[in-house]
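Visitor: Contents of input.cif (mmCIF, C-alpha atoms):
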data_upload
loop_
_atom_site.label_atom_id
_atom_site.label_comp_id
_atom_site.auth_asym_id
_atom_site.auth_seq_id
_atom_site.Cartn_x
_atom_site.Cartn_y
_atom_site.Cartn_z
CA MET A 1 -117.58 -173.97 -97.63
CA LYS A 2 -114.01 -174.95 -96.79
CA ARG A 3 -115.23 -177.35 -94.14
CA ALA A 4 -117.77 -178.86 -96.52
CA LEU A 5 -115.03 -179.39 -99.10
CA ALA A 6 -112.82 -181.07 -96.51
CA VAL A 7 -115.66 -183.38 -95.48
CA VAL A 8 -116.45 -184.23 -99.12
CA ALA A 9 -112.74 -184.88 -99.79
CA THR A 10 -112.51 -187.14 -96.74
CA VAL A 11 -115.58 -189.14 -97.70
CA ALA A 12 -114.33 -189.45 -101.29
CA ALA A 13 -110.93 -190.63 -100.05
CA LEU A 14 -112.48 -193.17 -97.70
CA VAL A 15 -114.82 -194.48 -100.38
CA GLY A 16 -111.93 -194.67 -102.80
CA LEU A 17 -109.69 -196.72 -100.52
CA PRO A 18 -108.98 -199.98 -102.31
CA ALA A 19 -110.63 -202.46 -99.97
CA PRO A 20 -111.46 -205.58 -102.00
CA ALA A 21 -115.12 -206.53 -101.68
CA HIS A 22 -116.01 -210.10 -100.80
CA ALA A 23 -118.62 -211.90 -102.80
CA HIS A 24 -118.48 -214.71 -100.28
CA LEU A 25 -118.79 -214.99 -96.56
CA VAL A 26 -116.43 -213.00 -94.42
CA THR A 27 -114.59 -214.35 -91.41
CA THR A 28 -113.63 -211.62 -88.99
CA GLY A 29 -112.60 -213.87 -86.12
CA LEU A 30 -115.11 -212.06 -83.92
CA GLY A 31 -117.93 -214.55 -84.33
CA PRO A 32 -120.83 -215.03 -86.74
CA LEU A 33 -122.64 -211.83 -85.72
CA TYR A 34 -119.73 -209.61 -86.77
CA ASP A 35 -119.11 -211.81 -89.80
CA GLY A 36 -122.63 -210.92 -90.87
CA VAL A 37 -122.10 -207.21 -90.29
CA TRP A 38 -118.91 -207.22 -92.35
CA HIS A 39 -120.45 -209.38 -95.03
CA LEU A 40 -122.98 -206.65 -95.76
CA LEU A 41 -120.44 -203.85 -95.58
CA LEU A 42 -118.01 -205.63 -97.90
CA SER A 43 -120.51 -206.99 -100.43
CA PRO A 44 -121.40 -204.26 -102.93
CA ASP A 45 -124.10 -206.44 -104.47
CA ASP A 46 -125.99 -206.25 -101.15
CA LEU A 47 -124.67 -202.96 -99.82
CA LEU A 48 -125.48 -200.70 -102.77
CA PRO A 49 -129.13 -201.80 -103.08
CA VAL A 50 -129.57 -201.14 -99.34
CA LEU A 51 -128.06 -197.67 -99.65
CA THR A 52 -130.17 -196.92 -102.72
CA MET A 53 -133.35 -198.19 -101.04
CA ALA A 54 -132.61 -195.98 -98.05
CA SER A 55 -131.99 -192.99 -100.34
CA LEU A 56 -135.22 -193.63 -102.21
CA ALA A 57 -137.14 -193.87 -98.94
CA GLY A 58 -135.50 -190.67 -97.72
CA LEU A 59 -136.42 -188.82 -100.91
CA ASN A 60 -140.02 -189.85 -100.30
CA GLY A 61 -140.21 -188.22 -96.90
CA LYS A 62 -140.00 -188.92 -93.20
CA ALA A 63 -142.94 -191.33 -92.92
CA THR A 64 -141.73 -193.51 -95.77
CA GLY A 65 -138.21 -193.45 -94.39
CA ARG A 66 -139.42 -194.58 -90.96
CA ARG A 67 -141.51 -197.36 -92.45
CA THR A 68 -138.62 -198.60 -94.59
CA LEU A 69 -136.36 -198.55 -91.55
CA PHE A 70 -138.40 -201.37 -90.04
CA VAL A 71 -139.83 -203.10 -93.11
CA LEU A 72 -136.54 -203.73 -94.91
CA PRO A 73 -134.68 -205.43 -92.02
CA VAL A 74 -137.75 -207.53 -91.11
CA ALA A 75 -138.17 -208.67 -94.72
CA TRP A 76 -134.42 -209.33 -94.93
CA ALA A 77 -134.60 -211.46 -91.78
CA ALA A 78 -137.64 -213.37 -93.07
CA GLY A 79 -136.07 -213.99 -96.46
CA GLY A 80 -132.80 -214.97 -94.81
CA ARG A 81 -134.47 -217.43 -92.48
CA ALA A 82 -136.36 -219.01 -95.39
CA GLY A 83 -133.21 -219.17 -97.52
CA PHE A 84 -131.30 -220.70 -94.62
CA ALA A 85 -133.95 -223.40 -94.29
CA ALA A 86 -134.11 -224.03 -98.04
CA ARG A 87 -130.30 -223.98 -98.50
CA THR A 88 -130.71 -223.34 -102.22
CA PRO A 89 -130.15 -220.01 -103.90
CA LEU A 90 -133.20 -220.32 -106.14
CA LEU A 91 -132.71 -216.80 -107.41
CA PRO A 92 -131.15 -216.04 -110.77
CA GLY A 93 -127.80 -214.28 -110.83
CA ALA A 94 -129.42 -211.16 -112.24
CA THR A 95 -131.37 -210.46 -109.02
CA ALA A 96 -128.80 -207.98 -107.73
CA ALA A 97 -128.57 -206.34 -111.15
CA LEU A 98 -132.33 -205.81 -111.20
CA SER A 99 -132.24 -204.36 -107.68
CA PHE A 100 -129.61 -201.86 -108.82
CA LEU A 101 -131.51 -201.01 -111.98
CA VAL A 102 -134.98 -200.53 -110.50
CA LEU A 103 -133.99 -198.75 -107.30
CA GLY A 104 -131.38 -196.61 -109.06
CA ALA A 105 -133.77 -195.54 -111.81
CA LEU A 106 -136.48 -194.63 -109.29
CA THR A 107 -133.98 -192.64 -107.22
CA ALA A 108 -132.73 -190.83 -110.34
CA ALA A 109 -136.32 -190.00 -111.34
CA ASP A 110 -137.07 -188.57 -107.86
CA ARG A 111 -140.82 -188.86 -108.34
CA ARG A 112 -143.02 -188.98 -105.27
CA LEU A 113 -144.09 -192.60 -104.95
CA PRO A 114 -147.06 -193.95 -102.98
CA ALA A 115 -145.93 -195.28 -99.60
CA ALA A 116 -147.24 -198.73 -100.54
CA VAL A 117 -144.92 -198.86 -103.56
CA VAL A 118 -141.84 -197.98 -101.52
CA THR A 119 -142.86 -200.50 -98.87
CA GLY A 120 -143.39 -203.15 -101.55
CA LEU A 121 -139.94 -202.45 -102.96
CA ALA A 122 -138.39 -202.73 -99.50
CA VAL A 123 -140.17 -206.04 -98.85
CA THR A 124 -139.12 -207.44 -102.23
CA LEU A 125 -135.53 -206.30 -101.80
CA GLY A 126 -135.33 -207.73 -98.27
CA LEU A 127 -136.86 -211.07 -99.20
CA LEU A 128 -134.72 -211.61 -102.31
CA HIS A 129 -131.36 -210.51 -100.92
CA GLY A 130 -132.09 -212.02 -97.51
CA TRP A 131 -132.86 -215.33 -99.19
CA GLY A 132 -129.54 -215.23 -101.01
CA ASN A 133 -127.68 -214.45 -97.78
CA GLY A 134 -129.48 -217.17 -95.81
CA ALA A 135 -128.90 -219.81 -98.48
CA GLY A 136 -125.24 -218.81 -98.74
CA ILE A 137 -124.72 -219.06 -94.98
CA ALA A 138 -126.44 -222.45 -94.82
CA SER A 139 -124.56 -223.93 -97.77
CA ALA A 140 -121.26 -222.76 -96.23
CA GLY A 141 -122.17 -224.54 -93.00
CA ARG A 142 -122.10 -221.32 -90.98
CA GLU A 143 -124.33 -220.33 -88.08
CA ALA A 144 -127.63 -218.57 -88.73
CA LEU A 145 -126.53 -215.88 -86.27
CA GLY A 146 -124.65 -214.30 -89.15
CA LEU A 147 -128.04 -213.28 -90.51
CA ALA A 148 -128.66 -211.24 -87.38
CA GLY A 149 -125.46 -209.32 -88.07
CA ILE A 150 -126.53 -208.64 -91.64
CA VAL A 151 -129.99 -207.50 -90.54
CA ALA A 152 -128.54 -205.26 -87.83
CA ALA A 153 -126.22 -203.66 -90.37
CA VAL A 154 -129.16 -203.13 -92.75
CA PHE A 155 -131.10 -201.42 -89.96
CA VAL A 156 -128.25 -199.08 -89.03
CA LEU A 157 -127.46 -198.20 -92.64
CA VAL A 158 -131.08 -197.45 -93.49
CA ALA A 159 -131.42 -195.32 -90.35
CA LEU A 160 -128.32 -193.28 -91.19
CA VAL A 161 -128.85 -192.86 -94.92
CA ALA A 162 -132.61 -192.30 -94.91
CA ALA A 163 -132.31 -189.74 -92.10
CA PHE A 164 -129.51 -187.98 -93.97
CA VAL A 165 -131.49 -187.82 -97.22
CA VAL A 166 -134.70 -186.70 -95.47
CA GLY A 167 -132.73 -183.82 -93.99
CA LEU A 168 -131.45 -182.56 -97.33
CA ARG A 169 -132.95 -179.15 -98.00
CA ALA A 170 -130.81 -177.46 -100.64
CA PRO A 171 -132.00 -178.45 -104.14
CA TRP A 172 -128.50 -179.34 -105.32
CA THR A 173 -128.11 -181.89 -102.53
CA ARG A 174 -131.15 -183.79 -103.78
CA LEU A 175 -129.64 -183.62 -107.24
CA VAL A 176 -126.49 -185.31 -105.94
CA VAL A 177 -128.67 -188.17 -104.63
CA ARG A 178 -130.40 -188.38 -108.01
CA VAL A 179 -127.09 -188.47 -109.88
CA ALA A 180 -125.92 -191.25 -107.53
CA GLY A 181 -129.16 -193.08 -108.36
CA SER A 182 -128.46 -192.80 -112.07
CA TRP A 183 -124.99 -194.25 -111.51
CA ILE A 184 -126.49 -197.18 -109.58
CA ALA A 185 -129.01 -197.79 -112.39
CA ALA A 186 -126.18 -197.69 -114.94
CA ILE A 187 -124.21 -200.22 -112.90
CA GLY A 188 -127.31 -202.43 -112.75
CA LEU A 189 -127.74 -202.32 -116.51
CA LEU A 190 -124.10 -203.27 -117.05
CA MET A 191 -124.39 -206.07 -114.48
CA LEU A 192 -127.42 -207.36 -116.33
CA GLY A 193 -125.30 -207.49 -119.48
CA TRP A 194 -122.57 -209.35 -117.58
CA SER A 195 -125.07 -211.90 -116.25
CA PHE A 196 -126.49 -212.52 -119.75
CA ARG A 197 -122.98 -212.89 -121.01
CA GLY A 198 -122.31 -215.46 -118.34
CA ALA A 199 -119.27 -213.71 -116.86
CA MET B 1 -99.66 -169.58 -70.92
CA ARG B 2 -103.39 -170.03 -71.07
CA SER B 3 -105.37 -169.24 -74.10
CA ASP B 4 -108.97 -168.08 -73.92
CA ARG B 5 -109.71 -169.66 -77.24
CA ALA B 6 -111.13 -173.16 -77.09
CA PHE B 7 -109.25 -175.82 -79.01
CA ARG B 8 -110.92 -176.24 -82.39
CA PRO B 9 -109.19 -178.61 -84.76
CA SER B 10 -109.29 -177.56 -88.38
CA ALA B 11 -111.34 -179.43 -90.94
CA GLU B 12 -108.14 -180.47 -92.70
CA ALA B 13 -106.71 -181.93 -89.47
CA LEU B 14 -109.93 -183.87 -88.86
CA ALA B 15 -109.86 -185.16 -92.44
CA ALA B 16 -106.23 -186.29 -92.09
CA LEU B 17 -107.03 -187.94 -88.74
CA ALA B 18 -109.99 -189.80 -90.22
CA LEU B 19 -107.80 -191.12 -93.02
CA LEU B 20 -105.08 -192.23 -90.60
CA LEU B 21 -107.56 -194.00 -88.34
CA TRP B 22 -109.42 -195.71 -91.15
CA ALA B 23 -108.92 -199.39 -90.45
CA ALA B 24 -108.21 -201.72 -93.33
CA PRO B 25 -110.48 -204.77 -93.10
CA ALA B 26 -108.93 -208.09 -92.22
CA PHE B 27 -109.41 -210.75 -94.87
CA ALA B 28 -109.97 -214.36 -94.05
CA HIS B 29 -109.23 -215.62 -97.50
CA VAL B 30 -107.76 -214.35 -100.68
CA GLN B 31 -110.08 -213.02 -103.34
CA ARG B 32 -108.84 -212.97 -106.90
CA GLY B 33 -109.78 -210.53 -109.62
CA GLN B 34 -111.85 -208.20 -107.42
CA ALA B 35 -109.55 -205.19 -107.20
CA ALA B 36 -108.40 -205.86 -110.77
CA GLY B 37 -112.02 -205.68 -111.91
CA PHE B 38 -112.60 -202.34 -110.20
CA LEU B 39 -109.35 -200.83 -111.44
CA THR B 40 -109.89 -202.10 -114.97
CA GLY B 41 -113.34 -200.53 -114.90
CA VAL B 42 -111.93 -197.21 -113.72
CA LYS B 43 -109.15 -197.32 -116.29
CA HIS B 44 -111.31 -198.16 -119.29
CA PRO B 45 -113.10 -194.82 -119.84
CA ILE B 46 -109.95 -192.80 -119.19
CA SER B 47 -107.67 -194.93 -121.34
CA SER B 48 -108.56 -193.41 -124.70
CA LEU B 49 -108.63 -189.77 -125.60
CA ASP B 50 -111.79 -189.90 -127.73
CA HIS B 51 -113.84 -191.11 -124.76
CA VAL B 52 -112.24 -188.65 -122.37
CA LEU B 53 -112.81 -185.62 -124.61
CA ALA B 54 -116.43 -186.54 -125.33
CA MET B 55 -117.28 -187.12 -121.68
CA ILE B 56 -115.62 -183.94 -120.48
CA SER B 57 -117.44 -182.08 -123.26
CA VAL B 58 -120.75 -183.37 -121.90
CA GLY B 59 -119.91 -181.75 -118.58
CA LEU B 60 -118.73 -178.54 -120.24
CA TRP B 61 -121.82 -178.25 -122.37
CA GLY B 62 -124.15 -179.06 -119.49
CA ALA B 63 -122.56 -176.29 -117.43
CA GLN B 64 -122.83 -173.83 -120.33
CA LEU B 65 -126.53 -174.67 -120.68
CA GLY B 66 -127.08 -174.14 -116.96
CA PRO B 67 -129.75 -175.80 -114.82
CA PRO B 68 -131.41 -178.23 -115.32
CA ALA B 69 -129.14 -179.39 -118.18
CA VAL B 70 -126.08 -179.22 -115.94
CA TRP B 71 -127.32 -182.28 -114.07
CA LEU B 72 -129.66 -183.78 -116.67
CA LEU B 73 -126.92 -184.42 -119.23
CA PRO B 74 -124.54 -186.15 -116.80
CA VAL B 75 -127.51 -188.23 -115.54
CA THR B 76 -128.56 -189.14 -119.08
CA PHE B 77 -125.11 -190.08 -120.34
CA PRO B 78 -124.17 -192.86 -117.85
CA MET B 79 -127.61 -194.49 -118.05
CA VAL B 80 -127.76 -194.52 -121.84
CA MET B 81 -124.10 -195.43 -122.04
CA ALA B 82 -124.81 -198.38 -119.78
CA PHE B 83 -127.55 -199.40 -122.20
CA GLY B 84 -124.96 -199.33 -124.99
CA GLY B 85 -122.64 -201.35 -122.75
CA PHE B 86 -125.44 -203.84 -122.18
CA LEU B 87 -125.87 -204.26 -125.95
CA GLY B 88 -122.13 -204.79 -126.33
CA LEU B 89 -121.98 -207.29 -123.48
CA VAL B 90 -124.82 -209.44 -124.81
CA GLY B 91 -123.28 -209.36 -128.29
CA ILE B 92 -125.77 -207.20 -130.22
CA PRO B 93 -123.73 -205.51 -132.94
CA LEU B 94 -123.85 -201.78 -133.56
CA PRO B 95 -122.46 -200.60 -136.88
CA GLY B 96 -120.05 -197.67 -137.11
CA VAL B 97 -119.16 -197.52 -133.43
CA GLU B 98 -115.80 -195.83 -133.97
CA ILE B 99 -117.34 -193.32 -136.38
CA GLY B 100 -120.09 -192.58 -133.86
CA ILE B 101 -117.53 -191.99 -131.11
CA ALA B 102 -115.50 -189.66 -133.32
CA LEU B 103 -118.65 -187.79 -134.36
CA SER B 104 -119.57 -187.36 -130.72
CA ALA B 105 -116.32 -185.48 -130.12
CA VAL B 106 -116.89 -183.36 -133.24
CA LEU B 107 -120.48 -182.42 -132.46
CA LEU B 108 -120.15 -182.03 -128.70
CA GLY B 109 -117.02 -179.93 -129.27
CA LEU B 110 -118.93 -177.77 -131.73
CA MET B 111 -121.81 -177.35 -129.27
CA VAL B 112 -119.34 -176.12 -126.63
CA ALA B 113 -117.47 -173.94 -129.13
CA ARG B 114 -120.68 -172.29 -130.29
CA GLU B 115 -122.16 -172.26 -126.80
CA ALA B 116 -125.23 -173.72 -128.50
CA LYS B 117 -128.46 -173.67 -126.51
CA PRO B 118 -130.91 -176.05 -128.19
CA PRO B 119 -134.10 -177.22 -126.42
CA LEU B 120 -133.33 -179.45 -123.48
CA TRP B 121 -134.85 -182.55 -125.07
CA LEU B 122 -132.65 -182.11 -128.12
CA ALA B 123 -129.50 -181.73 -126.03
CA ALA B 124 -130.40 -184.82 -123.99
CA ALA B 125 -131.20 -186.79 -127.16
CA LEU B 126 -127.90 -185.80 -128.78
CA VAL B 127 -125.93 -186.80 -125.71
CA GLY B 128 -127.97 -190.00 -125.35
CA VAL B 129 -127.41 -191.13 -128.94
CA PHE B 130 -123.65 -190.72 -128.65
CA ALA B 131 -123.63 -192.37 -125.24
CA VAL B 132 -124.87 -195.59 -126.87
CA PHE B 133 -121.78 -195.70 -129.10
CA HIS B 134 -119.40 -195.07 -126.22
CA GLY B 135 -121.12 -197.68 -124.06
CA HIS B 136 -121.15 -200.26 -126.83
CA ALA B 137 -117.42 -199.86 -127.40
CA HIS B 138 -116.77 -200.37 -123.68
CA GLY B 139 -119.17 -203.32 -123.52
CA THR B 140 -117.46 -205.20 -126.33
CA GLU B 141 -113.94 -204.47 -125.13
CA VAL B 142 -114.22 -205.77 -121.56
CA PRO B 143 -111.46 -208.20 -120.69
CA ALA B 144 -112.40 -211.68 -119.53
CA GLY B 145 -111.95 -212.90 -115.96
CA GLN B 146 -112.98 -209.66 -114.26
CA SER B 147 -115.52 -209.16 -111.51
CA GLY B 148 -118.52 -207.87 -113.48
CA LEU B 149 -119.94 -205.91 -110.57
CA LEU B 150 -116.72 -204.19 -109.57
CA TYR B 151 -115.77 -203.51 -113.19
CA SER B 152 -119.18 -201.86 -113.68
CA ILE B 153 -118.82 -199.79 -110.50
CA GLY B 154 -115.37 -198.56 -111.51
CA PHE B 155 -116.47 -197.87 -115.04
CA VAL B 156 -119.51 -195.79 -114.06
CA ILE B 157 -117.63 -193.89 -111.35
CA ALA B 158 -114.84 -192.98 -113.80
CA THR B 159 -117.37 -191.83 -116.38
CA GLY B 160 -119.23 -189.73 -113.84
CA CYS B 161 -115.97 -188.21 -112.63
CA LEU B 162 -115.08 -187.21 -116.19
CA HIS B 163 -118.39 -185.36 -116.44
CA GLY B 164 -117.58 -183.81 -113.07
CA VAL B 165 -114.22 -182.63 -114.42
CA GLY B 166 -116.05 -180.96 -117.31
CA ILE B 167 -118.50 -179.27 -114.96
CA ALA B 168 -115.66 -178.16 -112.66
CA ILE B 169 -113.72 -176.68 -115.58
CA SER B 170 -116.87 -174.84 -116.59
CA LEU B 171 -116.83 -172.87 -113.36
CA VAL B 172 -114.75 -170.34 -115.31
CA HIS B 173 -117.89 -169.65 -117.37
CA ARG B 174 -118.82 -166.83 -115.01
CA TRP B 175 -115.97 -164.67 -116.34
CA GLY B 176 -115.69 -163.25 -119.85
CA TRP B 177 -112.25 -164.75 -120.44
CA GLY B 178 -113.54 -168.05 -119.06
CA ARG B 179 -116.39 -168.18 -121.57
CA LEU B 180 -113.90 -167.54 -124.34
CA ALA B 181 -111.54 -170.23 -123.02
CA LEU B 182 -114.39 -172.76 -122.86
CA ARG B 183 -115.37 -172.02 -126.43
CA GLY B 184 -111.74 -172.43 -127.45
CA ALA B 185 -111.61 -175.76 -125.62
CA GLY B 186 -114.74 -176.83 -127.49
CA ALA B 187 -113.06 -175.97 -130.79
CA VAL B 188 -110.02 -178.06 -129.81
CA VAL B 189 -112.29 -181.02 -128.96
CA ALA B 190 -114.06 -180.68 -132.30
CA LEU B 191 -110.73 -180.64 -134.15
CA ALA B 192 -109.55 -183.69 -132.23
CA GLY B 193 -112.86 -185.34 -133.15
CA LEU B 194 -112.16 -184.66 -136.82
CA ARG B 195 -108.83 -186.39 -136.40
CA PHE B 196 -110.54 -189.40 -134.78
CA LEU B 197 -113.09 -189.40 -137.59
CA TRP B 198 -110.33 -189.42 -140.18
CA ARG B 199 -108.72 -192.38 -138.44
CA ALA B 200 -112.05 -194.22 -138.17
CA VAL B 201 -112.95 -193.95 -141.84
CA ALA B 202 -109.43 -194.29 -143.26
#
Would you kindly transcribe this structure into structure tokens?
Guide:
Amino acid sequence: MKRALAVVATVAALVGLPAPAHAHLVTTGLGPLYDGVWHLLLSPDDLLPVLTMASLAGLNGKATGRRTLFVLPVAWAAGGRAGFAARTPLLPGATAALSFLVLGALTAADRRLPAAVVTGLAVTLGLLHGWGNGAGIASAGREALGLAGIVAAVFVLVALVAAFVVGLRAPWTRLVVRVAGSWIAAIGLLMLGWSFRGA
Amino acid sequence: MRSDRAFRPSAEALAALALLLWAAPAFAHVQRGQAAGFLTGVKHPISSLDHVLAMISVGLWGAQLGPPAVWLLPVTFPMVMAFGGFLGLVGIPLPGVEIGIALSAVLLGLMVAREAKPPLWLAAALVGVFAVFHGHAHGTEVPAGQSGLLYSIGFVIATGCLHGVGIAISLVHRWGWGRLALRGAGAVVALAGLRFLWRAVA
């Protein structure tokens, strides 16, 4: 119990550290691959949907988690490549807000979804957010290799989070994931309001 | 001197080590308004007593009701509150917001004071209705020039933490004196709500 509390306190402290998130491309000085990795980790509008998608896949069982592990990065890469070629972020600003809202609400509901639905969500998420990343990289005149960093980070995050959630056995631990989902959905709804407001 | 016991660092030592080793990211260019947006979002729900008391009361009441209300109410509140925030952000007016917020403190305080146990749907509906007022007030009061995403993240986290504070306080419910203290706290919240109500209608 004491150890669990210490771990929870550590995670909370790390999450709470005030590291400003970058809405734009990150330059680490380590090359485009690592720029891509850090872009995902420091962009909450991409990071949180990935974490929520992984949680949702984990709540739906091992098979769905495994499928999402491969489907999401592949879709992200495909969307990114297409966005890089198109160079235009054709997507409305509310795309991230909708990702938060839909994935968060489904996670909060914790209903068993057909595998095809979860896969479809992963494909949609990957294509839309990947497109935005690819178009952003191209319009900034950066190398497409940054996309590989983003996709690699997506793969690792989905592997870690989905495996963690699949392994949750105690009922209260699933509840924590559901509460987190409700928070994500609430953030999505507020973001939607911000995007309508034009902020 | 040799010890037979293997070296096993304590959980606290590991936690401290992790914090010390946590690397701050290097920034290539300056971002403006990002941290301010997050901090403003965190500060907003905790900046006024009427919001704080109502949100802690949600946690207290949920814990008094026990499972599944203990998690259903804190799940309901942020989502419906965000809906209220959405209405406020897009400019849809909601009459009597301040009165609704004050009433939320009165009624939620009374529920805790009486240790009321209505049907779950009724408890969720009551919490949901008041959440719209709280959210609307926050949605209309957001300062300009903030990062919308980070403001929203900070805002929702702070709200959830306030519910968590209520649930944590309610751990004393297992003891007789604790139950009494919780009911007393509910009465104090209700009285404070009456004061807010007086201010809202005066």
Visitor: Smallest atom-to-atom distance to chain A: which of B:Trp61, B:Trp121, B:Phe133, B:Tyr151, using only C-alpha atoms?
Guide: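 So, comparing all the options, the nearest one is B:Tyr151.
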Visitor: Which of these, B:Gly37, B:His138, B:Ser152, B:Pro119, has the shortest distance to chain A once you count only C-alpha atoms?
Guide: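 With only C-alpha atoms as the atom set, the closest residue is B:Ser152.
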Visitor: Need the shell around Arg195 in chain B: protein/DNA/RNA residues with any atom at most 10 Å away, counting only C-alpha atoms. Skip same-chain ones fewer than 6 positions apart. Format as a list in words?
Guide: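 Listed by chain and then number, they are Asp50, Ala102, Ala105, Val106 and Val189 of chain B.
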Visitor: Taking into account all atoms listed in the file, which residue in the set A:Ala108, A:Gly120, A:Leu147, A:Asn60 is nearest to chain B?
Guide: A:Ala108
Visitor: If the PyMOL selection byres ((chain B and resi 156-164) around 8) is run on the structure shown, which residues does it catch, given as a tab-separated table (two decimals) with C-alpha atoms, in the coordinates of the input?
Guide:
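The resulting file, part06.tsv, is shown below:
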chain	number	residue	atom	x	y	z
A	183	TRP	CA	-124.99	-194.25	-111.51
A	186	ALA	CA	-126.18	-197.69	-114.94
A	187	ILE	CA	-124.21	-200.22	-112.90
B	41	GLY	CA	-113.34	-200.53	-114.90
B	42	VAL	CA	-111.93	-197.21	-113.72
B	43	LYS	CA	-109.15	-197.32	-116.29
B	45	PRO	CA	-113.10	-194.82	-119.84
B	46	ILE	CA	-109.95	-192.80	-119.19
B	52	VAL	CA	-112.24	-188.65	-122.37
B	55	MET	CA	-117.28	-187.12	-121.68
B	56	ILE	CA	-115.62	-183.94	-120.48
B	57	SER	CA	-117.44	-182.08	-123.26
B	58	VAL	CA	-120.75	-183.37	-121.90
B	59	GLY	CA	-119.91	-181.75	-118.58
B	60	LEU	CA	-118.73	-178.54	-120.24
B	74	PRO	CA	-124.54	-186.15	-116.80
B	78	PRO	CA	-124.17	-192.86	-117.85
B	152	SER	CA	-119.18	-201.86	-113.68
B	153	ILE	CA	-118.82	-199.79	-110.50
B	154	GLY	CA	-115.37	-198.56	-111.51
B	155	PHE	CA	-116.47	-197.87	-115.04
B	165	VAL	CA	-114.22	-182.63	-114.42
B	166	GLY	CA	-116.05	-180.96	-117.31
B	167	ILE	CA	-118.50	-179.27	-114.96
B	168	ALA	CA	-115.66	-178.16	-112.66
Visitor: Kindly indicate which residue among B:Phe77, B:Phe130, B:Trp177, B:Phe196 lies nearest to chain A, using only C-alpha atoms for the distances.
Guide: B:Phe77
Visitor: Rank B:Gly135, B:Gly128, B:Gly66, B:Gly84 by their smallest atom-to-atom distance to Leu108 in chain B, using all atoms listed in the file, and report the top residue only.
Guide: B:Gly128
Visitor: Run the PyMOL selection byres ((chain A and resi 62) around 12) against the file shown and list the residues it catches, as an MDAnalysis selection string.
Guide: chainID A and resid 54:61 63:69 115 159 161:168
Visitor: Assuming the chain letters and numbering stay as they are in my file, what does the PyMOL selection byres ((chain A and resi 132-139) around 12) actually select? List them as an MDAnalysis selection string.
Guide: chainID A and resid 23:27 32:33 35:37 39:40 43 45:46 76:96 125:131 140:151
Visitor: Would you mind reading off the distance between CA of Leu122 in chain B and CA of Thr173 in chain A, one decimal, in Å?
Guide: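 Computing the Euclidean distance for CA of Leu122 in chain B and CA of Thr173 in chain A yields 26.0 Å.
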